[in-house]
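> Input structure: structure36.txt, which contains compact mmCIF, C-alpha atoms.
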```txt
# COMPACT_ATOMS: atom_id res chain seq x y z
CA MET A 4 0.00 0.00 0.00
CA THR A 5 1.36 3.42 -0.90
CA SER A 6 1.91 5.73 2.07
CA MET A 7 0.58 9.32 2.38
CA ALA A 8 4.14 10.59 2.03
CA ASP A 9 4.63 8.62 -1.17
CA SER A 10 1.29 9.82 -2.54
CA SER A 11 2.14 13.49 -1.88
CA ALA A 12 5.55 13.17 -3.38
CA ALA A 13 4.07 11.72 -6.53
CA VAL A 14 2.11 14.95 -7.30
CA PRO A 15 4.36 17.35 -9.27
CA ALA A 16 4.45 21.05 -8.21
CA PRO A 17 2.90 23.51 -10.69
CA GLU A 18 5.47 25.21 -12.87
CA PRO A 19 5.38 28.91 -13.77
CA PRO A 20 4.35 29.73 -17.29
CA THR A 21 7.30 29.68 -19.65
CA PRO A 22 8.07 32.18 -22.36
CA LEU A 23 7.15 31.30 -25.88
CA ALA A 24 9.77 29.68 -28.03
CA ASP A 25 10.63 32.94 -29.82
CA GLY A 26 11.54 34.64 -26.51
CA HIS A 27 8.31 36.66 -26.09
CA PRO A 28 6.36 36.38 -22.80
CA SER A 29 3.51 33.96 -22.64
CA ARG A 30 -0.14 35.02 -22.60
CA GLU A 31 -0.26 34.45 -18.84
CA GLN A 32 2.78 36.70 -18.29
CA ARG A 33 1.35 39.45 -20.47
CA GLY A 34 -1.94 39.28 -18.55
CA HIS A 35 -0.14 39.51 -15.23
CA ARG A 36 1.83 42.55 -16.34
CA MET A 37 -1.30 44.25 -17.65
CA ARG A 38 -3.07 43.71 -14.35
CA VAL A 39 -0.12 45.24 -12.48
CA ILE A 40 -0.08 48.29 -14.80
CA ILE A 41 -3.84 48.80 -14.43
CA LEU A 42 -3.54 48.54 -10.65
CA LEU A 43 -0.75 51.17 -10.61
CA VAL A 44 -2.73 53.55 -12.82
CA LEU A 45 -5.83 53.18 -10.64
CA SER A 46 -3.74 53.79 -7.53
CA LEU A 47 -2.30 56.99 -9.01
CA LEU A 48 -5.76 58.20 -10.03
CA LEU A 49 -7.00 57.53 -6.50
CA LEU A 50 -4.13 59.53 -5.02
CA VAL A 51 -4.86 62.46 -7.36
CA LEU A 52 -8.56 62.32 -6.43
CA LEU A 53 -7.74 62.28 -2.74
CA ALA A 54 -5.34 65.22 -3.17
CA ILE A 55 -7.92 67.31 -5.02
CA SER A 56 -10.60 66.43 -2.46
CA GLY A 57 -8.27 67.38 0.36
CA TRP A 58 -7.47 70.70 -1.32
CA TYR A 59 -11.14 71.51 -1.76
CA LEU A 60 -12.00 70.63 1.85
CA LEU A 61 -9.09 72.68 3.12
CA PHE A 62 -9.37 75.75 0.87
CA ARG A 63 -13.02 75.61 -0.22
CA GLN A 64 -12.03 76.41 -3.80
CA PRO A 65 -13.76 74.92 -6.84
CA ILE A 66 -11.61 72.37 -8.62
CA ASP A 67 -11.53 74.45 -11.79
CA THR A 68 -9.73 77.24 -9.93
CA LEU A 69 -6.91 75.01 -8.70
CA PRO A 70 -3.70 76.46 -10.17
CA ILE A 71 -1.18 73.95 -11.48
CA PRO A 72 2.43 75.23 -11.33
CA LEU A 73 4.48 74.95 -14.47
CA PRO A 74 6.90 71.99 -14.45
CA GLY A 75 10.26 73.01 -13.07
CA ALA A 76 9.02 76.38 -11.79
CA SER A 77 10.86 77.03 -8.52
CA THR A 78 8.66 79.98 -7.60
CA PRO A 79 5.36 79.67 -9.48
CA LEU A 80 3.26 82.74 -10.04
CA PRO A 81 -0.39 82.68 -9.01
CA ALA A 82 -3.23 81.95 -11.43
CA PHE A 83 -6.34 84.06 -11.97
CA VAL A 84 -9.37 82.77 -10.06
CA ALA A 85 -12.18 85.33 -10.19
CA ALA A 86 -13.17 88.97 -10.67
CA ILE A 87 -15.75 90.42 -8.28
CA ASP A 88 -17.60 93.40 -9.73
CA GLY A 89 -19.24 96.04 -7.56
CA PRO A 90 -16.91 98.43 -5.73
CA SER A 91 -16.54 101.81 -7.43
CA LYS A 92 -12.92 102.88 -7.95
CA PRO A 93 -11.50 100.65 -5.21
CA VAL A 94 -8.09 101.56 -3.79
CA GLY A 95 -7.64 99.84 -0.44
CA ILE A 96 -8.20 96.13 0.13
CA ALA A 97 -7.62 93.86 3.12
CA VAL A 98 -8.60 90.33 4.01
CA SER A 99 -8.99 88.25 7.14
CA PRO A 100 -6.24 85.63 7.56
CA SER A 101 -8.61 82.78 6.67
CA GLY A 102 -9.97 84.62 3.64
CA ASP A 103 -13.59 84.49 4.84
CA ARG A 104 -13.89 88.30 4.84
CA VAL A 105 -12.65 90.73 2.18
CA TYR A 106 -12.72 94.47 2.91
CA VAL A 107 -12.66 96.96 0.03
CA ALA A 108 -12.52 100.77 0.21
CA GLU A 109 -14.22 102.39 -2.75
CA THR A 110 -13.15 105.94 -3.62
CA GLY A 111 -15.99 106.42 -6.14
CA GLY A 112 -19.74 105.92 -6.03
CA ASP A 113 -21.04 105.94 -2.46
CA ARG A 114 -17.48 105.84 -1.05
CA MET A 115 -18.17 103.01 1.37
CA LEU A 116 -16.29 100.27 3.12
CA MET A 117 -17.59 97.13 1.42
CA VAL A 118 -17.47 93.73 3.12
CA TYR A 119 -17.54 90.50 1.08
CA ASP A 120 -17.42 86.86 2.07
CA GLY A 121 -14.81 84.48 0.70
CA LYS A 122 -17.00 83.67 -2.30
CA GLY A 123 -17.40 87.30 -3.36
CA ASN A 124 -20.89 87.85 -1.96
CA LEU A 125 -21.49 91.38 -0.67
CA LEU A 126 -22.36 91.27 3.04
CA LYS A 127 -22.34 94.91 4.09
CA LYS A 128 -21.67 98.49 3.00
CA SER A 129 -20.68 100.86 5.75
CA ALA A 130 -19.52 104.40 6.43
CA PRO A 131 -18.99 106.55 9.52
CA PRO A 132 -22.29 108.03 10.73
CA GLU A 133 -23.17 111.63 9.93
CA THR A 134 -20.87 111.73 6.92
CA THR A 135 -21.81 112.56 3.35
CA VAL A 136 -20.48 111.10 0.13
CA ALA A 137 -18.64 114.37 -0.57
CA GLY A 138 -17.22 114.39 2.94
CA ARG A 139 -15.41 111.04 2.90
CA VAL A 140 -12.98 109.05 0.77
CA PRO A 141 -11.99 105.75 2.42
CA THR A 142 -8.57 104.86 1.06
CA TYR A 143 -6.34 102.21 2.67
CA ILE A 144 -7.28 99.36 5.01
CA ALA A 145 -5.63 97.09 7.57
CA VAL A 146 -7.02 94.40 9.87
CA ASN A 147 -5.81 94.44 13.49
CA PRO A 148 -4.68 90.85 14.18
CA ALA A 149 -5.18 91.31 17.93
CA THR A 150 -8.84 92.36 17.73
CA GLY A 151 -10.07 91.62 14.18
CA GLU A 152 -11.09 95.27 13.85
CA VAL A 153 -10.78 96.98 10.47
CA TYR A 154 -8.89 100.29 10.27
CA VAL A 155 -9.60 102.57 7.31
CA THR A 156 -7.85 105.83 6.44
CA ASP A 157 -9.91 108.68 5.00
CA ARG A 158 -8.25 111.03 2.55
CA VAL A 159 -10.77 113.85 3.09
CA THR A 160 -10.96 113.91 6.87
CA SER A 161 -7.30 112.93 7.48
CA SER A 162 -8.47 110.39 10.02
CA ILE A 163 -8.60 106.65 10.70
CA ASP A 164 -12.03 105.06 11.12
CA VAL A 165 -12.36 101.79 13.03
CA PHE A 166 -14.95 99.19 12.09
CA GLY A 167 -15.83 95.82 13.57
CA ALA A 168 -15.04 92.60 11.74
CA ASP A 169 -18.60 92.62 10.36
CA GLY A 170 -18.13 96.15 8.93
CA SER A 171 -20.09 98.05 11.57
CA PHE A 172 -18.60 101.43 12.45
CA GLU A 173 -17.15 101.53 15.97
CA HIS A 174 -15.16 104.70 16.60
CA LEU A 175 -12.63 107.20 15.34
CA TYR A 176 -9.01 106.30 16.06
CA LYS A 177 -7.31 108.96 18.17
CA PRO A 178 -3.51 108.91 18.40
CA ASP A 179 -1.61 110.48 21.26
CA PRO A 180 -1.54 114.31 21.00
CA SER A 181 2.24 114.14 20.59
CA VAL A 182 1.68 112.80 17.06
CA GLY A 183 0.49 116.27 16.07
CA ALA A 184 -1.24 117.16 12.81
CA TRP A 185 -1.15 114.25 10.41
CA ARG A 186 -2.62 112.90 7.20
CA PRO A 187 -2.61 109.10 7.54
CA LEU A 188 -2.66 107.04 4.37
CA GLY A 189 -1.15 103.53 4.39
CA LEU A 190 -1.66 101.18 7.34
CA ALA A 191 -0.17 97.95 8.63
CA PHE A 192 -0.15 96.00 11.89
CA ASP A 193 2.51 93.83 13.47
CA PRO A 194 1.51 90.65 15.37
CA ALA A 195 1.56 92.55 18.68
CA GLY A 196 -1.04 95.01 17.41
CA ASN A 197 1.30 97.98 16.96
CA LEU A 198 0.06 100.21 14.14
CA TYR A 199 2.30 101.50 11.34
CA VAL A 200 1.07 104.59 9.47
CA SER A 201 2.38 106.46 6.46
CA ASP A 202 1.89 110.17 7.19
CA THR A 203 1.71 112.56 4.23
CA GLN A 204 0.87 115.72 6.20
CA ASP A 205 2.60 118.76 4.66
CA ASN A 206 6.31 117.97 4.82
CA ASN A 207 6.05 115.07 7.26
CA ASN A 208 6.35 112.33 4.61
CA ARG A 209 7.19 109.81 7.27
CA VAL A 210 6.26 106.32 8.45
CA ILE A 211 5.57 106.00 12.17
CA GLU A 212 4.97 103.08 14.49
CA LEU A 213 2.35 103.59 17.19
CA ASP A 214 1.81 101.45 20.27
CA ALA A 215 -1.59 100.41 21.66
CA SER A 216 -1.98 103.78 23.40
CA GLY A 217 -1.32 105.70 20.17
CA ARG A 218 2.14 106.95 21.16
CA ILE A 219 4.96 107.05 18.61
CA VAL A 220 7.42 104.22 19.14
CA ARG A 221 9.74 105.21 16.29
CA THR A 222 9.91 106.84 12.87
CA PHE A 223 11.26 105.24 9.71
CA GLY A 224 13.27 107.06 7.08
CA GLN A 225 15.28 110.24 7.27
CA PRO A 226 13.55 113.63 6.79
CA GLY A 227 12.93 114.10 3.10
CA SER A 228 13.63 110.47 2.24
CA PHE A 229 9.98 109.76 1.31
CA SER A 230 7.62 111.54 -1.02
CA ALA A 231 3.95 110.66 -0.51
CA PRO A 232 4.52 107.25 1.09
CA ASN A 233 1.40 105.15 0.89
CA ALA A 234 0.91 101.38 1.27
CA LEU A 235 2.73 99.46 4.00
CA ALA A 236 3.28 95.78 4.81
CA LEU A 237 5.16 93.71 7.39
CA ASP A 238 6.57 90.21 6.91
CA ALA A 239 6.90 87.40 9.46
CA ALA A 240 10.41 88.55 10.42
CA GLY A 241 9.20 92.06 11.25
CA ASN A 242 10.68 93.71 8.16
CA LEU A 243 8.70 96.76 7.03
CA TYR A 244 7.93 97.45 3.35
CA VAL A 245 7.08 101.01 2.31
CA VAL A 246 5.66 102.06 -1.06
CA ASP A 247 7.33 105.44 -1.62
CA GLY A 248 4.68 106.67 -4.05
CA SER A 249 6.01 109.80 -5.72
CA HIS A 250 9.52 108.38 -5.86
CA GLY A 251 8.09 105.30 -7.58
CA ARG A 252 9.97 102.81 -5.43
CA LEU A 253 9.61 100.11 -2.78
CA VAL A 254 11.84 100.31 0.30
CA ALA A 255 12.38 97.61 2.95
CA PHE A 256 13.54 98.20 6.53
CA ALA A 257 14.78 95.70 9.10
CA PRO A 258 13.23 95.67 12.60
CA ASP A 259 16.11 97.86 13.79
CA GLY A 260 15.14 100.53 11.25
CA SER A 261 18.03 100.02 8.85
CA GLN A 262 17.29 99.89 5.13
CA ILE A 263 17.72 96.39 3.70
CA GLY A 264 16.44 96.64 0.14
CA GLN A 265 14.97 98.80 -2.57
CA VAL A 266 13.19 98.40 -5.90
CA SER A 267 13.58 101.54 -7.98
CA GLN A 268 11.46 103.28 -10.57
CA GLY A 269 12.30 102.57 -14.19
CA LEU A 270 11.35 100.88 -17.43
CA GLY A 271 13.41 97.70 -17.11
CA PRO A 272 12.18 94.24 -16.07
CA GLY A 273 11.10 94.31 -12.44
CA GLU A 274 11.38 98.09 -12.11
CA LEU A 275 8.36 100.07 -10.98
CA GLY A 276 6.23 102.79 -12.53
CA LEU A 277 3.74 104.11 -9.97
CA PRO A 278 3.50 101.60 -7.11
CA ARG A 279 0.36 101.83 -5.00
CA GLY A 280 -0.05 98.64 -2.98
CA VAL A 281 2.11 96.01 -1.29
CA ALA A 282 1.48 92.69 0.47
CA ILE A 283 3.56 89.78 1.74
CA ASP A 284 2.34 86.19 1.38
CA THR A 285 3.11 83.26 3.68
CA ALA A 286 5.99 82.15 1.44
CA GLY A 287 7.68 85.54 1.88
CA ARG A 288 6.98 86.73 -1.65
CA VAL A 289 6.42 90.48 -1.99
CA GLU A 290 3.55 91.54 -4.27
CA VAL A 291 3.41 95.15 -5.44
CA ALA A 292 0.53 96.73 -7.38
CA ASP A 293 2.04 98.94 -10.09
CA ALA A 294 -0.77 101.26 -11.19
CA THR A 295 0.73 102.70 -14.37
CA GLY A 296 2.26 99.38 -15.36
CA HIS A 297 -1.18 97.72 -14.97
CA VAL A 298 0.49 94.69 -13.36
CA VAL A 299 1.32 93.19 -10.00
CA GLN A 300 5.07 92.72 -9.62
CA VAL A 301 6.41 89.85 -7.48
CA TYR A 302 9.76 89.91 -5.64
CA LYS A 303 11.74 88.06 -2.98
CA LEU A 304 13.81 89.95 -0.42
CA ASP A 305 17.24 88.73 0.68
CA PRO A 306 17.82 90.72 3.90
CA ALA A 307 21.43 89.55 4.25
CA ALA A 308 22.34 90.70 0.74
CA LYS A 309 20.09 93.76 1.12
CA GLU A 310 18.48 93.27 -2.25
CA PHE A 311 15.30 92.16 -3.95
CA SER A 312 15.18 89.51 -6.64
CA TYR A 313 12.53 89.81 -9.33
CA VAL A 314 10.21 86.79 -9.65
CA GLY A 315 7.78 87.96 -12.33
CA SER A 316 4.58 89.90 -12.95
CA LEU A 317 0.85 89.21 -13.08
CA GLY A 318 -1.67 90.58 -15.53
CA ALA A 319 -1.60 93.18 -18.28
CA GLU A 320 -3.59 96.25 -19.17
CA GLY A 321 -7.19 95.51 -20.12
CA ARG A 322 -10.68 94.66 -18.95
CA GLY A 323 -10.70 90.90 -19.33
CA ASP A 324 -10.05 88.20 -16.75
CA GLY A 325 -6.62 88.62 -15.25
CA GLN A 326 -6.17 92.10 -16.71
CA PHE A 327 -5.96 95.39 -14.79
CA GLU A 328 -6.74 99.06 -15.20
CA TYR A 329 -4.64 100.91 -12.61
CA PRO A 330 -4.44 98.29 -9.85
CA ASN A 331 -3.99 99.83 -6.40
CA GLY A 332 -4.39 97.85 -3.19
CA VAL A 333 -3.20 94.28 -2.82
CA ALA A 334 -3.68 91.80 0.05
CA THR A 335 -3.00 88.14 0.85
CA ASP A 336 -4.53 85.50 3.09
CA THR A 337 -2.99 82.40 4.67
CA ARG A 338 -4.31 80.10 1.94
CA GLY A 339 -2.08 81.24 -0.88
CA ARG A 340 -4.55 83.69 -2.40
CA LEU A 341 -3.91 87.22 -3.63
CA TYR A 342 -6.53 90.00 -3.76
CA VAL A 343 -6.09 93.03 -6.02
CA ALA A 344 -8.15 96.24 -6.07
CA ASP A 345 -8.61 96.74 -9.83
CA MET A 346 -9.45 100.43 -9.62
CA TYR A 347 -10.69 101.51 -13.04
CA ASN A 348 -12.36 98.19 -13.76
CA ASP A 349 -14.53 98.76 -10.66
CA ARG A 350 -13.81 95.34 -9.19
CA TYR A 351 -11.37 93.31 -7.18
CA GLN A 352 -9.64 90.20 -8.44
CA VAL A 353 -8.63 86.97 -6.73
CA TRP A 354 -5.53 85.02 -7.75
CA SER A 355 -4.21 81.83 -6.18
CA TYR A 356 -0.86 80.07 -5.86
```
Show this structure as structure tokens.

Amino acid sequence: MTSMADSSAAVPAPEPPTPLADGHPSREQRGHRMRVIILLVLSLLLLVLLAISGWYLLFRQPIDTLPIPLPGASTPLPAFVAAIDGPSKPVGIAVSPSGDRVYVAETGGDRMLMVYDGKGNLLKKSAPPETTVAGRVPTYIAVNPATGEVYVTDRVTSSIDVFGADGSFEHLYKPDPSVGAWRPLGLAFDPAGNLYVSDTQDNNNRVIELDASGRIVRTFGQPGSFSAPNALALDAAGNLYVVDGSHGRLVAFAPDGSQIGQVSQGLGPGELGLPRGVAIDTAGRVEVADATGHVVQVYKLDPAAKEFSYVGSLGAEGRGDGQFEYPNGVATDTRGRLYVADMYNDRYQVWSY
């Protein structure tokens, strides 16, 4: 009688399929490879779908507005997302860090502070009480990171109006009497809530830092070094960026007040015409609205080398999507989006990295 061991040993093990005689893989091998390829492709498609879904859940942007950087681009420029019509001759623009509120100062029409949600829906139009259209021109805007309040300079009244995060007027900002007569224009806040103001009163032409009580902490620039300074911005390192309007340049200062960079006026690549707005994004890129160039110029600052490098420009003159007519204010949020006050197109635009 044959044992179990003998019976098992008598059954030959299955052999793998062998190539055909001419050296080509067998049908079974080709099928196996095809299944592996299909599985890899499906896996990649699933990863792409998960990435897009994650982006949408995180940023709440439609898929068709997702910018795709050019291959090999080390510092991609943002892509046009949307144009929001409505504000009349907007100059100042600011945005909450999350991008759920956009504040626009219109210098034409009713001359109101306009509040939009992140999708471009108008939520509120507001102005200081007991003011007339002829008696106000809201100009530049900044959001206080400590309180969420919205500060707006007024070119007619030479004052700063303070609004709540919802756009409701709260009070008139009153600096310490030692500030003296002033004509505030550009505004910026540091993380501590200190307020930076460009002052164009008579021959002041200065940028001052004010503490929470409204007292001057320090002044930037030597007397006569600025001419009609306007927009201001601060980066994460505390460097201050000043748009020196009538000189047509951008100047950067270190926290100690020393100058660490400048972009001059000119006609060459990266040079400025009539700069009117500046913002810093979370990647440290510096975006400048050049009104007469009808573009937004993008730079990177190297504080150690004390120089700016030119990254590129956005837009061109025109009325179509992604085109500008005298862009003025510019702002960024923490989600890689750029907001531009497109003055003579009566709208603001949204771009996204």
> Find, counting only C-alpha atoms, the residue in A:Ser249, A:Asp324, A:Asp164, A:Asn348 that gets nearest to Val84 in chain A.
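Closest to Val84 in chain A, using only C-alpha atoms: A:Asp324.
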> Using all atoms listed in the file, find the one residue out of A:Leu213, A:Gly264, A:Arg158, A:His174 that sits nearest to Arg186 in chain A.
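Using all atoms listed in the file, the shortest distance to Arg186 in chain A belongs to A:Arg158.
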> Pick the closest to Ile263 in chain A from A:Ala292, A:Ala286, A:Ile163, A:Ala307: which is it, counting only C-alpha atoms?
A:Ala307
> So what do you get for CA of Arg221 in chain A versus CA of Pro187 in chain A, distance-wise?
15.6 Å
> I'd like the interatomic distance between CA of Glu109 in chain A and CA of Asp169 in chain A, to a tenth of an Å.
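Distance reported for this atom pair: 16.9 Å.
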> Box in all listed atoms of range 154-160 of chain A, axis-aligned, with 6 Å more on each side; write out centre and edge lengths in Å to one decimal as AutoDock Vina command-line options.

```
--center_x -9.4 --center_y 107.1 --center_z 6.4 --size_x 15.1 --size_y 25.6 --size_z 19.7
```
> Just the number, please: distance in Å from CA of Ala108 in chain A to CA of Trp185 in chain A, one decimal.
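CA of Trp185 in chain A lies at a distance of 20.4 Å from CA of Ala108 in chain A.
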> Rebuild N, CA and C atoms on range 228-241 of chain A, as a CSV table (one decimal), in the coordinates of the input?

```
chain,number,residue,atom,x,y,z
A,228,SER,N,13.3,111.7,3.0
A,228,SER,CA,13.6,110.5,2.2
A,228,SER,C,12.4,109.9,1.5
A,229,PHE,N,11.2,110.2,2.0
A,229,PHE,CA,10.0,109.8,1.3
A,229,PHE,C,9.3,110.9,0.6
A,230,SER,N,8.5,110.6,-0.4
A,230,SER,CA,7.6,111.5,-1.0
A,230,SER,C,6.3,110.9,-1.2
A,231,ALA,N,5.3,111.3,-0.5
A,231,ALA,CA,4.0,110.7,-0.5
A,231,ALA,C,4.0,109.1,-0.3
A,232,PRO,N,4.6,108.7,0.8
A,232,PRO,CA,4.5,107.2,1.1
A,232,PRO,C,3.1,106.8,1.3
A,233,ASN,N,2.8,105.6,0.7
A,233,ASN,CA,1.4,105.2,0.9
A,233,ASN,C,1.3,103.8,1.5
A,234,ALA,N,1.2,102.7,0.7
A,234,ALA,CA,0.9,101.4,1.3
A,234,ALA,C,2.1,100.8,2.1
A,235,LEU,N,1.7,100.1,3.1
A,235,LEU,CA,2.7,99.5,4.0
A,235,LEU,C,2.4,98.0,4.2
A,236,ALA,N,3.5,97.2,4.5
A,236,ALA,CA,3.3,95.8,4.8
A,236,ALA,C,4.4,95.3,5.7
A,237,LEU,N,4.2,94.3,6.5
A,237,LEU,CA,5.2,93.7,7.4
A,237,LEU,C,5.2,92.2,7.1
A,238,ASP,N,6.4,91.7,7.1
A,238,ASP,CA,6.6,90.2,6.9
A,238,ASP,C,6.7,89.5,8.3
A,239,ALA,N,6.9,88.2,8.2
A,239,ALA,CA,6.9,87.4,9.5
A,239,ALA,C,8.1,87.7,10.3
A,240,ALA,N,9.2,88.2,9.7
A,240,ALA,CA,10.4,88.6,10.4
A,240,ALA,C,10.4,89.9,11.0
A,241,GLY,N,9.3,90.7,10.7
A,241,GLY,CA,9.2,92.1,11.2
A,241,GLY,C,9.8,93.1,10.3
```
